[in-house]
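Colleague: This is coords24.cif (mmCIF, C-alpha atoms).
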```
data_model
#
loop_
_atom_site.label_atom_id
_atom_site.label_comp_id
_atom_site.auth_asym_id
_atom_site.auth_seq_id
_atom_site.Cartn_x
_atom_site.Cartn_y
_atom_site.Cartn_z
CA MET A 155 -9.00 20.52 -4.66
CA GLY A 156 -7.36 19.03 -1.59
CA ILE A 157 -3.71 19.76 -1.05
CA LEU A 158 -2.84 16.05 -1.00
CA GLU A 159 -3.88 15.76 -4.61
CA ASN A 160 -0.41 17.05 -5.34
CA LYS A 161 1.82 14.00 -4.85
CA SER A 162 4.98 15.80 -3.85
CA ARG A 163 3.02 17.65 -1.18
CA ALA A 164 1.64 14.31 -0.03
CA ARG A 165 5.20 13.09 0.46
CA LEU A 166 6.11 16.18 2.47
CA PHE A 167 2.95 15.80 4.56
CA TYR A 168 3.86 12.17 5.35
CA LYS A 169 7.42 13.11 6.19
CA TYR A 170 6.15 15.15 9.12
CA LEU A 171 3.13 13.00 9.95
CA SER A 172 5.29 9.87 10.27
CA LYS A 173 7.17 11.46 13.16
CA ILE A 174 4.02 11.20 15.29
CA TYR A 175 1.84 8.73 13.38
CA ASP A 176 2.25 5.60 15.47
CA ARG A 177 2.51 7.39 18.80
CA VAL A 178 -0.53 9.60 18.35
CA ASN A 179 -2.43 7.76 15.67
CA PRO A 180 -4.85 10.46 14.53
CA PHE A 181 -7.25 8.04 12.89
CA ILE A 182 -9.74 5.66 14.40
CA TRP A 183 -8.31 2.42 13.09
CA ASN A 184 -7.58 0.02 15.89
CA GLU A 185 -6.69 -3.64 16.40
CA GLU A 186 -10.35 -4.69 16.72
CA MET A 187 -11.22 -3.09 13.39
CA ARG A 188 -8.13 -4.58 11.79
CA ALA A 189 -9.08 -8.06 13.05
CA GLU A 190 -12.62 -7.61 11.71
CA ALA A 191 -11.27 -6.59 8.29
CA LEU A 192 -8.84 -9.54 8.19
CA GLU A 193 -11.72 -11.91 8.91
CA LEU A 194 -13.43 -10.76 5.69
CA LEU A 195 -10.57 -12.30 3.71
CA ASP A 196 -9.64 -15.89 2.98
CA VAL A 197 -5.90 -15.67 3.55
CA GLU A 198 -4.27 -19.07 3.83
CA ARG A 199 -0.84 -19.75 5.20
CA GLY A 200 1.65 -19.46 2.34
CA ASP A 201 -0.49 -16.99 0.38
CA ARG A 202 1.43 -14.08 -1.10
CA VAL A 203 -0.11 -10.84 0.14
CA LEU A 204 0.62 -7.21 -0.80
CA ASP A 205 -0.02 -4.26 1.56
CA VAL A 206 -0.41 -1.16 -0.63
CA GLY A 207 0.46 2.01 1.26
CA CYS A 208 1.78 -0.02 4.19
CA GLY A 209 3.09 3.10 5.94
CA THR A 210 4.22 2.37 9.47
CA GLY A 211 3.16 -1.27 9.11
CA PHE A 212 -0.03 -1.53 11.18
CA GLY A 213 -1.93 -3.49 8.52
CA THR A 214 1.21 -5.44 7.65
CA GLU A 215 1.42 -6.65 11.25
CA GLY A 216 -2.12 -8.05 11.01
CA LEU A 217 -1.43 -9.79 7.70
CA LEU A 218 1.60 -11.54 9.24
CA GLN A 219 -0.79 -13.31 11.62
CA TYR A 220 -2.22 -15.13 8.58
CA THR A 221 0.72 -15.76 6.25
CA ASP A 222 4.50 -15.46 6.12
CA ASP A 223 4.70 -14.15 2.55
CA VAL A 224 3.90 -10.46 3.10
CA HIS A 225 5.00 -7.61 0.83
CA GLY A 226 4.71 -3.92 1.77
CA LEU A 227 4.78 -0.97 -0.64
CA ASP A 228 4.76 2.73 0.22
CA GLN A 229 5.83 5.90 -1.51
CA SER A 230 7.26 7.38 1.66
CA ALA A 231 10.56 6.11 3.08
CA HIS A 232 9.89 8.16 6.23
CA GLN A 233 6.60 6.32 6.85
CA MET A 234 8.26 2.96 6.26
CA GLN A 235 11.08 3.72 8.68
CA LYS A 236 8.71 2.81 11.52
CA ALA A 237 7.83 -0.44 9.75
CA PHE A 238 11.54 -1.23 9.34
CA GLU A 239 12.02 -0.77 13.09
CA LYS A 240 9.22 -3.27 13.77
CA PHE A 241 10.00 -5.94 11.18
CA GLY A 242 13.56 -5.28 10.02
CA ARG A 243 14.40 -4.06 6.54
CA ARG A 244 14.58 -7.50 4.99
CA ASP A 245 13.48 -10.18 7.41
CA ALA A 246 9.78 -10.85 7.89
CA VAL A 247 8.47 -8.52 5.15
CA ASN A 248 9.55 -7.62 1.62
CA PHE A 249 9.43 -3.82 1.36
CA TYR A 250 9.35 -1.64 -1.73
CA ARG A 251 9.07 2.05 -2.43
CA GLY A 252 6.50 2.60 -5.13
CA ASP A 253 3.35 4.30 -6.37
CA ALA A 254 -0.09 2.73 -5.79
CA GLU A 255 -1.22 3.95 -9.20
CA ARG A 256 1.74 2.40 -11.01
CA LEU A 257 2.53 -0.83 -9.18
CA PRO A 258 5.87 -2.48 -10.02
CA PHE A 259 4.42 -6.01 -10.00
CA ARG A 260 3.47 -8.42 -12.75
CA ASP A 261 -0.12 -9.42 -13.50
CA ASP A 262 -1.58 -11.98 -11.05
CA ALA A 263 1.48 -11.79 -8.76
CA PHE A 264 -0.51 -11.87 -5.47
CA ASP A 265 -3.24 -14.00 -3.90
CA VAL A 266 -4.56 -11.04 -1.89
CA VAL A 267 -4.01 -7.29 -2.04
CA TRP A 268 -4.77 -5.27 1.11
CA SER A 269 -4.78 -1.53 1.62
CA SER A 270 -5.78 0.25 4.82
CA GLY A 271 -5.72 3.97 5.45
CA SER A 272 -4.17 4.80 2.10
CA ILE A 273 -6.94 5.30 -0.49
CA GLU A 274 -7.79 8.74 0.89
CA TYR A 275 -4.37 9.93 -0.27
CA TRP A 276 -4.53 8.50 -3.78
CA PRO A 277 -5.01 11.27 -6.36
CA ASN A 278 -6.70 8.82 -8.75
CA PRO A 279 -8.25 6.04 -6.65
CA VAL A 280 -9.82 4.24 -9.63
CA THR A 281 -6.40 3.93 -11.30
CA ALA A 282 -4.91 2.49 -8.12
CA LEU A 283 -7.84 0.06 -7.70
CA GLU A 284 -7.33 -1.10 -11.31
CA GLU A 285 -3.69 -1.77 -10.45
CA CYS A 286 -4.71 -3.74 -7.34
CA ARG A 287 -6.99 -5.86 -9.52
CA ARG A 288 -4.30 -6.39 -12.17
CA VAL A 289 -1.68 -7.71 -9.71
CA THR A 290 -4.17 -10.05 -7.96
CA ARG A 291 -4.61 -13.51 -9.44
CA PRO A 292 -8.02 -14.64 -10.73
CA GLY A 293 -9.98 -15.95 -7.75
CA GLY A 294 -8.00 -13.75 -5.37
CA GLN A 295 -9.29 -10.86 -3.26
CA VAL A 296 -8.71 -7.14 -2.89
CA LEU A 297 -9.59 -5.43 0.41
CA VAL A 298 -9.58 -1.69 0.90
CA VAL A 299 -10.22 0.06 4.21
CA GLY A 300 -11.43 3.54 3.39
CA PRO A 301 -11.15 6.84 5.20
CA ASN A 302 -11.53 6.86 8.91
CA TYR A 303 -12.65 10.03 10.53
CA PRO A 304 -10.03 11.42 12.94
CA GLU A 305 -10.72 11.61 16.65
CA SER A 306 -9.31 15.00 17.49
CA SER A 307 -11.03 18.15 16.29
CA VAL A 308 -7.78 19.54 14.90
CA MET A 309 -7.27 16.43 12.77
CA GLN A 310 -10.97 16.53 11.77
CA LYS A 311 -10.49 20.00 10.35
CA LEU A 312 -7.34 18.86 8.57
CA ALA A 313 -9.15 15.77 7.28
CA ASP A 314 -12.06 17.78 5.96
CA ALA A 315 -9.66 20.12 4.21
CA ILE A 316 -7.36 17.64 2.54
CA MET A 317 -8.76 14.14 2.40
CA LEU A 318 -11.21 12.32 0.27
CA PHE A 319 -14.12 10.79 2.16
CA TYR A 320 -16.60 8.56 0.40
CA ASP A 321 -19.85 6.72 1.07
CA GLU A 322 -21.09 3.34 -0.22
CA ASP A 323 -22.48 4.83 -3.46
CA GLU A 324 -19.13 6.41 -4.24
CA ALA A 325 -17.36 3.16 -3.34
CA ASP A 326 -19.69 1.29 -5.75
CA ARG A 327 -18.77 3.68 -8.53
CA MET A 328 -15.02 3.47 -7.86
CA PHE A 329 -14.90 -0.33 -7.72
CA GLU A 330 -17.14 -0.69 -10.80
CA ASP A 331 -15.03 1.80 -12.76
CA ALA A 332 -11.92 -0.17 -11.73
CA GLY A 333 -13.44 -3.30 -13.32
CA PHE A 334 -14.56 -5.21 -10.25
CA GLU A 335 -17.79 -7.17 -10.70
CA GLU A 336 -18.23 -8.70 -7.28
CA PHE A 337 -17.68 -6.75 -4.06
CA ARG A 338 -19.32 -5.77 -0.78
CA HIS A 339 -18.89 -3.03 1.76
CA VAL A 340 -18.76 -3.34 5.52
CA THR A 341 -18.75 -0.29 7.74
CA MET A 342 -16.88 -0.56 10.99
CA GLY A 343 -15.77 1.53 13.91
CA PRO A 344 -15.83 1.80 17.69
CA ALA A 345 -19.18 1.38 19.51
CA TYR A 346 -19.76 5.12 19.79
CA ASN A 347 -19.32 5.59 16.06
CA PRO A 348 -19.72 2.25 14.27
CA ASP A 349 -19.79 3.56 10.68
CA ILE A 350 -16.57 5.49 10.74
CA ALA A 351 -14.61 3.33 8.30
CA ILE A 352 -15.75 1.71 5.10
CA THR A 353 -14.13 -1.58 4.17
CA THR A 354 -14.66 -3.05 0.73
CA VAL A 355 -13.76 -6.63 -0.09
CA ALA A 356 -13.73 -7.47 -3.80
CA ALA A 357 -13.29 -10.75 -5.64
CA VAL A 358 -11.10 -10.86 -8.73
CA SER A 359 -12.97 -12.73 -11.50
CA GLU A 360 -11.74 -16.15 -12.56
CA MET B 220 15.52 -7.52 -1.59
CA LYS B 221 15.58 -11.21 -2.33
CA GLU B 222 16.74 -12.14 -5.81
CA SER B 223 13.71 -14.42 -6.22
CA LEU B 224 11.46 -11.32 -6.23
CA MET B 225 12.54 -10.78 -9.85
CA ASP B 226 9.77 -13.31 -10.64
CA ILE B 227 7.05 -10.85 -9.57
CA LEU B 228 8.64 -7.43 -10.23
CA CYS B 229 8.22 -5.38 -13.40
CA ASP B 230 8.81 -1.85 -14.62
CA PRO B 231 6.11 0.35 -13.00
CA LEU B 232 5.92 2.50 -16.14
CA ASP B 233 5.08 -0.07 -18.82
CA LYS B 234 5.08 -3.39 -16.91
CA SER B 235 7.95 -4.71 -19.03
CA GLU B 236 10.76 -6.81 -17.57
CA LEU B 237 13.50 -5.45 -15.35
CA GLU B 238 17.15 -6.42 -15.37
CA LEU B 239 18.98 -6.79 -12.06
CA GLU B 240 22.44 -5.30 -11.60
CA VAL B 241 24.10 -6.20 -8.32
CA ASP B 242 26.78 -4.14 -6.53
CA GLU B 243 26.57 -5.87 -3.15
CA ARG B 244 24.83 -9.04 -2.05
CA ASP B 245 24.50 -11.14 1.08
CA GLY B 246 23.53 -14.60 -0.14
CA GLU B 247 20.06 -14.35 -1.68
CA GLU B 248 19.67 -10.72 -0.49
CA ILE B 249 20.58 -7.89 -2.84
CA ILE B 250 21.83 -5.04 -0.65
CA GLU B 251 22.94 -2.49 -3.23
CA GLY B 252 22.38 -2.37 -6.96
CA ARG B 253 19.73 -1.36 -9.43
CA LEU B 254 16.82 -2.57 -11.49
CA VAL B 255 16.88 -1.39 -15.09
CA GLY B 256 13.84 -1.29 -17.37
CA THR B 257 14.62 -3.47 -20.40
CA VAL B 258 12.30 -1.33 -22.55
CA THR B 259 12.23 2.08 -20.83
CA GLY B 260 15.90 2.12 -19.80
CA GLU B 261 14.75 3.65 -16.50
CA VAL B 262 17.06 2.95 -13.55
CA TYR B 263 15.50 2.03 -10.18
CA PRO B 264 18.04 1.94 -7.34
CA ILE B 265 18.20 -0.72 -4.62
CA GLU B 266 19.16 1.20 -1.48
CA ASP B 267 20.18 -0.68 1.65
CA GLY B 268 18.13 -3.65 0.50
CA ILE B 269 14.98 -1.71 -0.42
CA PRO B 270 14.17 -1.37 -4.13
CA ASN B 271 12.99 2.14 -4.99
CA LEU B 272 10.43 1.53 -7.73
CA LEU B 273 8.90 4.99 -7.60
CA PRO B 274 8.43 6.30 -11.14
CA PRO B 275 11.03 9.00 -11.92
CA ASP B 276 8.50 11.86 -11.56
CA MET B 277 7.90 10.85 -7.93
CA ARG B 278 11.50 10.55 -6.76
CA GLU B 279 12.73 12.87 -4.03
CA GLU B 280 13.91 16.16 -5.39
#
```
Please go through the file and, once you have read it, give me the structure as structure tokens.
Modeller:
Amino acid sequence: MGILENKSRARLFYKYLSKIYDRVNPFIWNEEMRAEALELLDVERGDRVLDVGCGTGFGTEGLLQYTDDVHGLDQSAHQMQKAFEKFGRRDAVNFYRGDAERLPFRDDAFDVVWSSGSIEYWPNPVTALEECRRVTRPGGQVLVVGPNYPESSVMQKLADAIMLFYDEDEADRMFEDAGFEEFRHVTMGPAYNPDIAITTVAAVSE
Amino acid sequence: MKESLMDILCDPLDKSELELEVDERDGEEIIEGRLVGTVTGEVYPIEDGIPNLLPPDMREE
């Protein structure tokens, strides 16, 4: 069992990680990869988009390039503090504290749900994916960027110890169990390690 | 949070409707107040404009 499977420990972990997260981003998840992931979606201006586990707001920033109606949810206020500094508490983005596995949104509330660098911390990823599907309207899309392997050897050891990594077979199982019928995976990463992240884009059935 | 967000929000526990109670507002923005589950009775605070919709078992100790 990884230590982050205990949610209160996850919050404590984030509290300290958020102090360094944006300055020394320990994960390989850069602007090029973010742009590639965004291109997999059909976000139109005016679409309402949710960023689950928005953290310091790196994914949120990318989503704002496509639409003005962006909503960010995270369990950790410490993580979101960085996002508040970038976007303001209530200007460009609507922020909420909440749990990915128990989303506080009505059915079909969003056109697109995005989550990057968060699934590896979800104790029950299938439950959270079901929630993503529930709050996305029929015909909408859910995109999840899965675990990226850290660059530094210290963070690699930490990652191996506490985080959930998965391959395409495991991703198939999770998305099927969460009720998705149509989805595909794209691996991405820097040239020296192009398969480091797994991005899944799923369609929500009409 | 903007008052219009009531159209998309629900109680995270059972997805039932929430009721908004406002202590301080700035036009459309709710600065301080709370969201109350109409079925669960659970109280979710709005703190400096940010609604805290964490289920009670995940709130800070």
Colleague: Give me, as a Markdown table, the closest atom pair and its distance (Å, one decimal) for every residue of chain B within a cut-off of 10 Å of chain A, counting all atoms listed in the file, rows sorted by chain and rising number.
Modeller:
```
| residue | atom | partner | partner_atom | distance |
| --- | --- | --- | --- | --- |
| B:Met220 | CA | A:Arg244 | CA | 6.6 |
| B:Lys221 | CA | A:Asn248 | CA | 8.1 |
| B:Leu224 | CA | A:Asn248 | CA | 8.9 |
| B:Met225 | CA | A:Phe259 | CA | 9.4 |
| B:Asp226 | CA | A:Arg260 | CA | 8.2 |
| B:Ile227 | CA | A:Arg260 | CA | 5.4 |
| B:Leu228 | CA | A:Phe259 | CA | 4.5 |
| B:Cys229 | CA | A:Pro258 | CA | 5.0 |
| B:Asp230 | CA | A:Pro258 | CA | 5.5 |
| B:Pro231 | CA | A:Pro258 | CA | 4.1 |
| B:Leu232 | CA | A:Arg256 | CA | 6.6 |
| B:Asp233 | CA | A:Arg256 | CA | 8.8 |
| B:Lys234 | CA | A:Arg260 | CA | 6.7 |
| B:Ser235 | CA | A:Arg260 | CA | 8.6 |
| B:Glu236 | CA | A:Arg260 | CA | 8.9 |
| B:Leu237 | CA | A:Pro258 | CA | 9.8 |
| B:Glu248 | CA | A:Arg244 | CA | 8.1 |
| B:Ile249 | CA | A:Arg244 | CA | 9.9 |
| B:Ile250 | CA | A:Arg244 | CA | 9.5 |
| B:Ile265 | CA | A:Tyr250 | CA | 9.4 |
| B:Asp267 | CA | A:Arg243 | CA | 8.3 |
| B:Gly268 | CA | A:Arg244 | CA | 6.9 |
| B:Ile269 | CA | A:Tyr250 | CA | 5.8 |
| B:Pro270 | CA | A:Tyr250 | CA | 5.4 |
| B:Asn271 | CA | A:Arg251 | CA | 4.7 |
| B:Leu272 | CA | A:Gly252 | CA | 4.8 |
| B:Leu273 | CA | A:Gly252 | CA | 4.2 |
| B:Pro274 | CA | A:Asp253 | CA | 7.2 |
| B:Asp276 | CA | A:Ser162 | CA | 9.3 |
| B:Met277 | CA | A:Ser162 | CA | 7.0 |
| B:Arg278 | CA | A:Ser162 | CA | 8.9 |
| B:Glu279 | CA | A:Ser162 | CA | 8.3 |
| B:Glu280 | CA | A:Ser162 | CA | 9.1 |
```
Colleague: Could you tell me how far atom CA of Pro292 of chain A lies from atom CA of Val358 of chain A, in Å and to one decimal?
Modeller: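 Interatomic distance here is 5.3 Å.
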Colleague: Report the residues retrieved by the PyMOL selection byres ((chain B and resi 252) around 8) from the displayed file, expressed as a VMD selection string.
Modeller: chain B and resid 239 to 243 249 to 251 253 to 254 264 to 266
Colleague: Tell me, in Å to one decimal, how far atom CA of Gly256 of chain B is from atom CA of Asp222 of chain A.
Modeller: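 Between atom CA of Gly256 of chain B and atom CA of Asp222 of chain A the gap is 29.0 Å.
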Colleague: Apply the PyMOL selection byres ((chain A and resi 224) around 9) to the displayed file and report the matching residues as a ChimeraX atom specification.
Modeller: /A:201-205,214,217-218,221-223,225-226,246-249
Colleague: Could you jot down the atom CA of Asn184 of chain A to atom CA of Trp268 of chain A separation for me, Å, one decimal place?
Modeller: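 Atom-to-atom, atom CA of Asn184 of chain A to atom CA of Trp268 of chain A, that is 15.9 Å.
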Colleague: Rebuild segment 244-266 of chain B to N, CA and C atoms - output it as a short mmCIF file (atom, residue, chain, number, x, y, z; two decimals), in the frame of the given file, please.
Modeller:
```
data_model
loop_
_atom_site.label_atom_id
_atom_site.label_comp_id
_atom_site.auth_asym_id
_atom_site.auth_seq_id
_atom_site.Cartn_x
_atom_site.Cartn_y
_atom_site.Cartn_z
N ARG B 244 25.85 -8.06 -2.46
CA ARG B 244 24.83 -9.04 -2.05
C ARG B 244 25.26 -9.76 -0.79
N ASP B 245 24.25 -10.33 -0.12
CA ASP B 245 24.50 -11.14 1.08
C ASP B 245 23.69 -12.41 0.87
N GLY B 246 24.27 -13.39 0.22
CA GLY B 246 23.53 -14.60 -0.14
C GLY B 246 22.45 -14.27 -1.15
N GLU B 247 21.22 -14.59 -0.81
CA GLU B 247 20.06 -14.35 -1.68
C GLU B 247 19.64 -12.88 -1.68
N GLU B 248 20.08 -12.13 -0.64
CA GLU B 248 19.67 -10.72 -0.49
C GLU B 248 20.53 -9.79 -1.34
N ILE B 249 19.87 -8.94 -2.11
CA ILE B 249 20.58 -7.89 -2.84
C ILE B 249 20.57 -6.64 -1.96
N ILE B 250 21.75 -6.18 -1.56
CA ILE B 250 21.83 -5.04 -0.65
C ILE B 250 21.92 -3.72 -1.42
N GLU B 251 22.80 -3.69 -2.40
CA GLU B 251 22.94 -2.49 -3.23
C GLU B 251 22.97 -2.91 -4.70
N GLY B 252 22.39 -2.07 -5.53
CA GLY B 252 22.38 -2.37 -6.96
C GLY B 252 21.28 -1.58 -7.63
N ARG B 253 20.79 -2.08 -8.74
CA ARG B 253 19.73 -1.36 -9.43
C ARG B 253 18.92 -2.30 -10.31
N LEU B 254 17.70 -1.87 -10.56
CA LEU B 254 16.82 -2.57 -11.49
C LEU B 254 16.68 -1.66 -12.70
N VAL B 255 16.90 -2.21 -13.88
CA VAL B 255 16.88 -1.39 -15.09
C VAL B 255 15.78 -1.88 -16.02
N GLY B 256 14.92 -0.95 -16.45
CA GLY B 256 13.84 -1.29 -17.37
C GLY B 256 14.42 -1.73 -18.71
N THR B 257 14.06 -2.95 -19.14
CA THR B 257 14.62 -3.47 -20.40
C THR B 257 14.05 -2.73 -21.60
N VAL B 258 12.90 -2.09 -21.45
CA VAL B 258 12.30 -1.33 -22.55
C VAL B 258 12.48 0.18 -22.33
N THR B 259 12.19 0.64 -21.10
CA THR B 259 12.23 2.08 -20.83
C THR B 259 13.64 2.59 -20.58
N GLY B 260 14.55 1.70 -20.15
CA GLY B 260 15.90 2.12 -19.80
C GLY B 260 15.96 2.84 -18.46
N GLU B 261 14.81 2.95 -17.79
CA GLU B 261 14.75 3.65 -16.50
C GLU B 261 15.54 2.87 -15.45
N VAL B 262 16.24 3.60 -14.58
CA VAL B 262 17.06 2.95 -13.55
C VAL B 262 16.40 3.13 -12.18
N TYR B 263 16.12 2.01 -11.51
CA TYR B 263 15.50 2.03 -10.18
C TYR B 263 16.53 1.51 -9.17
N PRO B 264 16.98 2.36 -8.26
CA PRO B 264 18.04 1.94 -7.34
C PRO B 264 17.56 0.99 -6.24
N ILE B 265 18.44 0.10 -5.82
CA ILE B 265 18.20 -0.72 -4.62
C ILE B 265 19.08 -0.11 -3.54
N GLU B 266 18.44 0.44 -2.49
CA GLU B 266 19.16 1.20 -1.48
C GLU B 266 19.05 0.51 -0.13
#
```
